[in-house]
Structure formats: structure tokens, C-alpha cells
Amino acid sequence: MENFKKKLIRNSVVLGTLTLLFIAANIALFIFATPKGEEFVVGFVHGVQTGLALVLVIYLVVRIVKFTSAYGSEEKLRKLYIEQNDERMSLIRLHSGSFPLTIAVCVLAGAAVIAAYFNTTVFFTLLGACYFVSLFSSAMKFYYRNKF
Amino acid sequence: MKTKIPELRKARKLTQEELAHAVGTTRQTITSIEVGKYTASLPLAYKIARYFDLTIEEVFDFSDLEDI
């Protein structure tokens with residue numbers, strides 16, 4: 001359990017740093033760069049960026065709060081440990097390809113945001129691909145949750 | 001794989017949540033094991049059997065295993 005506590009602290013610090021870096025990068029993009037295209041496209045791209053940033057920041061903050069609150073209580077720590085190391089959930093994650101698909105979604109989303117500043121067609125294509133990979137990932141998780 | 005876990009649990013007036021907490025797993029895993037959707041790993045099977053003071057063979061039914 002001591003190793004798990006150290007892992008929680010390390011993860012909280014990493015998540016906190018990532019959150020701050022992400023917010024800074026987003027603000028910098030808004031101020032210093034303008035996507036190419038018509039006013040509607042520029043607005044759409046900014047909307048997508050804001051939405052992605054908001055979701056990611058909220059997710060990271062919730063994880064940080066969950067980790068730090070668990071650190072103070074042995075019972076919560078045990079519950080979190082069980083949740084993260086449950087063998088059935090590990091099997092579901094393995095079969096559904098959860099980790100690689102999540103990486104794929106993040107890479108596609110990041111590439112879409114960057115592509116918006118060069119070519120809007122590429123931006124919409126990558127956004128569509130990101131959306132369908134997310135749907136597929138969710139479908140796989142749902143299927144294996146019911147199977148096991 | 002069939003198991004005697006539901007009967008053993010009811011005999012001791014245990015909920016799935018309490019058993020899951022005692023053996024270090026989640027309630028959903030215990031549910032899946034009881035309905036035969038999920039086969040417990042050896043360490044988890046051992047923990048469950050030890051919790052009930054029984055052997056693995058007394059908790060889990062291996063009669064459906066195919067002979068190769």
C-alpha cells in the first residue's frame with residue numbers, strides 16, 4: 001500500500017503539471033495563432049478547441065481530487081487500489097484495446113487542433129476520425145463489459 | 001464455470017459487496033463470477049475459498065471442464 005501511495009502522489013503531480021501545461025498551451029494558441037478559413041470555420045475551430053480543453057481539464061482535475069482525497073483515508077485508498085487493480089476490469093481493458101484506442105483518440109484530437117491552423121479539410125477529416133474511433137472504443141468496452 | 005458462492009454467501013448472510021471487500025475485488029467481479037460469465041484467476045479463487053474456509057474445489061465446480 002506504501003508503493004501505491006507513492007504512485008498516487010507521483011500521478012497527482014504529473015496530472016497537475018499536464019493540466020497547467022495544457023491550459024497555458026491553449027491560451028497561447030488563442031492569443032498568438034489564428035486558424036485559416038472563413039469566420040464560421042475559425043469560430044468552429046475555436047469552439048472545438050475550447051470544448052476539448054474544458055473536457056480534458058475537468059477530467060484531470062477530477063482525477064487529481066480523487067487521488068488526493070484517497071491519500072488521507074485508508075478505506076478510500078483501499079477502494080481506489082481495488083478499482084485500479086481489479087482483474088475483471090484489467091481483462092476488459094485488455095480485450096477492448098482501451099489503452100491504444102485512448103492514445104489514438106488523443107493523437108487524432110491533437111493533430112486535428114494543429115491541422116486547423118494549416119488546412120480546414122484536414123482538420124474536419126481528423127475530427128471525424130477521432131469521433132469514430134471514440135465511438136468504436138466505447139462500443140468495444142460496452143461489449144466486453146457485458147461479455148465478462 | 002459454476003460456483004457455490006451464492007449459497008455460501010447466503011449461508012453467512014453476506015452481500016456481494018461485503019464479500020468483494022473482504023477478498024479485495026469489486027462487486028461487479030463477484031456478480032460475474034456467480035453467474036458464470038467470468039472465471040476467477042487462481043489468486044482470486046484461492047482468496048475466496050480461504051475466506052469461506054474451504055478448498056478451491058469445494059467452492060468452484062470443475063465438472064464442466066473439457067478433457068483434452
# chains A, B, ... in the order shown; residues from 1 in each chain; ligands from 1
$ interface_residues --of "chain B" --to "chain A" --cutoff "9 Å" --atoms "only C-alpha atoms" --output "PyMOL selection string"
chain B and resi 21+24-26+28-29+32-33+36-41+44
$ residues_around --residues "A:Leu52" --least-positions-apart "2" --cutoff "12 Å" --atoms "only C-alpha atoms" --output "PyMOL selection string"
chain A and resi 22-23+26+45-50+54-59+105-106+108-110+112-113+127+130
$ atom_distance --atom1 "atom CA of A:Ser96" --atom2 "atom CA of A:Met140"
5.2 Å
$ atom_distance --atom1 "atom CA of A:Glu38" --atom2 "atom CA of A:Tyr131"
23.2 Å
$ residues_around --residues "stretch 7-17 of chain B" --least-positions-apart "5" --cutoff "8 Å" --atoms "only C-alpha atoms" --output "PDB file with C-alpha atoms, in the first residue's frame"
ATOM      1  CA  THR B  26     -15.221  -5.306  -6.924  1.00  0.00           C
ATOM      2  CA  ARG B  27     -18.893  -6.238  -6.530  1.00  0.00           C
ATOM      3  CA  ILE B  30     -18.230 -11.200  -7.760  1.00  0.00           C
ATOM      4  CA  THR B  31     -21.516 -10.890  -9.693  1.00  0.00           C
ATOM      5  CA  PHE B  52     -15.035 -19.486   3.375  1.00  0.00           C
TER       6      PHE B  52
END
$ residues_around --residues "B:Lys4" --least-positions-apart "3" --cutoff "8 Å" --atoms "only C-alpha atoms" --output "CSV table (one decimal) with N, CA, C and O atoms, in the first residue's frame"
chain,number,residue,atom,x,y,z
B,7,GLU,N,-24.6,-19.7,-2.6
B,7,GLU,CA,-25.1,-20.4,-1.5
B,7,GLU,C,-24.3,-20.2,-0.2
B,7,GLU,O,-24.8,-20.0,0.9
B,8,LEU,N,-23.0,-20.1,-0.4
B,8,LEU,CA,-22.1,-19.9,0.7
B,8,LEU,C,-22.3,-18.5,1.3
B,8,LEU,O,-22.3,-18.3,2.5
B,34,GLU,N,-20.4,-15.3,-10.0
B,34,GLU,CA,-21.5,-16.0,-9.6
B,34,GLU,C,-22.4,-16.5,-10.8
B,34,GLU,O,-23.0,-17.6,-10.7
B,58,GLU,N,-14.0,-27.1,-3.5
B,58,GLU,CA,-15.3,-27.1,-2.8
B,58,GLU,C,-16.1,-25.9,-3.2
B,58,GLU,O,-17.3,-25.9,-3.0
B,59,VAL,N,-15.5,-24.8,-3.7
B,59,VAL,CA,-16.2,-23.6,-4.0
B,59,VAL,C,-16.5,-23.6,-5.5
B,59,VAL,O,-17.6,-23.1,-5.9
B,60,PHE,N,-15.6,-24.0,-6.3
B,60,PHE,CA,-15.7,-23.9,-7.8
B,60,PHE,C,-16.0,-25.3,-8.3
B,60,PHE,O,-15.3,-26.3,-7.9
B,61,ASP,N,-16.9,-25.4,-9.3
B,61,ASP,CA,-17.3,-26.7,-9.9
B,61,ASP,C,-16.5,-26.9,-11.2
B,61,ASP,O,-16.8,-26.2,-12.2
$ closest_residue --among "B:Val35, B:Ala22, B:Leu42, B:Ile5" --to "B:Leu54" --atoms "only C-alpha atoms"
B:Ile5
$ atom_distance --atom1 "atom CA of A:Ser12" --atom2 "atom CA of A:Val107"
22.3 Å
$ residues_around --residues "stretch 135-138 of chain A" --least-positions-apart "6" --cutoff "9 Å" --atoms "only C-alpha atoms" --output "PDB file with N, CA, C and O atoms, in the first residue's frame"
ATOM      1  N   SER A  96     -10.634  -4.942 -24.956  1.00  0.00           N
ATOM      2  CA  SER A  96     -11.243  -3.846 -25.720  1.00  0.00           C
ATOM      3  C   SER A  96     -10.201  -2.900 -26.310  1.00  0.00           C
ATOM      4  O   SER A  96     -10.541  -1.980 -27.039  1.00  0.00           O
ATOM      5  N   GLY A  97      -8.921  -3.150 -25.997  1.00  0.00           N
ATOM      6  CA  GLY A  97      -7.869  -2.283 -26.548  1.00  0.00           C
ATOM      7  C   GLY A  97      -7.999  -0.862 -26.035  1.00  0.00           C
ATOM      8  O   GLY A  97      -7.726   0.101 -26.757  1.00  0.00           O
ATOM      9  N   SER A  98      -8.411  -0.758 -24.786  1.00  0.00           N
ATOM     10  CA  SER A  98      -8.709   0.549 -24.204  1.00  0.00           C
ATOM     11  C   SER A  98      -7.522   1.513 -24.281  1.00  0.00           C
ATOM     12  O   SER A  98      -7.660   2.655 -24.729  1.00  0.00           O
ATOM     13  N   LEU A 101      -6.459   2.552 -27.984  1.00  0.00           N
ATOM     14  CA  LEU A 101      -7.524   3.358 -28.606  1.00  0.00           C
ATOM     15  C   LEU A 101      -7.600   4.742 -27.974  1.00  0.00           C
ATOM     16  O   LEU A 101      -7.845   5.737 -28.674  1.00  0.00           O
ATOM     17  N   THR A 102      -7.381   4.826 -26.661  1.00  0.00           N
ATOM     18  CA  THR A 102      -7.379   6.137 -25.994  1.00  0.00           C
ATOM     19  C   THR A 102      -6.229   6.996 -26.519  1.00  0.00           C
ATOM     20  O   THR A 102      -6.397   8.187 -26.787  1.00  0.00           O
TER      21      THR A 102
END
